[in-house]
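As structure tokens, the structure follows; a few thoughts come after it.
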Amino acid sequence: DAGVTQSPTHLIKTRGQQVTLRCSPKSGHDTVSWYQQALGQGPQFIFQYYEEEERQRGNFPDRFSGHQFPNYSSELNVNALLLGDSALYLCASSWGRINEKLFFGSGTQLSVL
Amino acid sequence: QQQVKQSPQSLIVQKGGISIINCAYENTAFDYFPWYQQFPGKGPALLIAIRPDVSEKKEGRFTISFNKSAKQFSLHIMDSQPGDSATYFCAASIAGNTPLVFGKGTRLSVIA
């Protein structure tokens, strides 16, 4: 049983560019949440997708957007990258919009130069 | 405003000793308190979780102690092993319906 898979594992971009990160949830899960983890910090909630709609959103600007597909996989898009967007982006899956028993992927390390 | 405060920032424990990590929360509506373990290059993994209706929960060598009146909860790792060396995060949520709010993490090193 595959867990949560994220791609790519590492990414280097320059300021102003746009980036798309991808996530496939654990088998049987239908809810995907995205978190940003800065170096030395705990994960911070970006948003949650369920039934292909954004259901909850954290304190992140509109430059951060997402999408969920019918197969429950998800994308995180970040426009107009800033140096401060450099972080580990984590995808977590769960079932039924519940934020308990989250299963996290290994993340995408984004570096903005 | 940080809703979950975690301490210490780092911890060094001898093999076989007890590791203790503490968290304090502000929002009294929180009622789900998980602990996550993260190894370098990996995402956090759920270790153990507790709800306020019990004061303690034990799973193997890991125990959560919960003090509702003090708004504090802690993770105890008994017989700590070098393989326990990782970063530990406490978190909190309301009925599992609100996003998890994480502490800043504690880097645990267990030395032989």
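Chain labels A, B, ... are given in the sequence in which chains occur in the structure tokens; within each chain residues are numbered consecutively from 1, and ligands are likewise numbered from 1 in the order shown.
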
Item to complete: May I have the residues within 6 Å of segment 31-47 of chain A as a PyMOL selection string, using only C-alpha atoms and disregarding those fewer than 5 positions away in the same chain?
Response: (chain A and resi 56-58+87-95+97) or (chain B and resi 102-105)

Item to complete: Dump as a ChimeraX atom specification the residues of chain B that approach chain A to within 7 Å, counting only C-alpha atoms.
Response: /B:41-46,89,96-100,102-105

Worksheet item: atom CA of Asp30 of chain A and atom CA of Asn77 of chain A, how far apart in Å?
Response: 19.6 Å

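Counting only C-alpha atoms, the residue from B:Thr63, B:Gln72, B:Ser19, B:Thr106 that sits nearest to Asp31 of chain B is B:Gln72.
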
Worksheet item: What is the atom CA of Ala49 of chain B to atom CA of Ser85 of chain B distance in Å?
Response: 19.5 Å

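Reported to one decimal place, the separation of atom CA of Pro61 of chain A from atom CA of Tyr49 of chain A is 16.6 Å.
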
Discussion item. For the strand (DSSP E) assignment from backbone DSSP, which residues of chain B qualify? Please present them as a PyMOL selection string.
Written reply: chain B and resi 4-7+10-14+19-25+33-38+45-50+56-59+62-67+72-77+86-92+101-102+106-111

Practice prompt. Tell me which protein, DNA and RNA residues are within 6 Å of Phe62 of chain B, counting only C-alpha atoms, leaving out same-chain ones fewer than 2 positions away, and put them as a PyMOL selection string.
Written response: chain B and resi 58-60+76-77

Fill in: Residue with smallest distance to Ile18 of chain B - pool B:Leu108, B:Lys5, B:Arg51, B:Ser69, counting only C-alpha atoms
B:Leu108
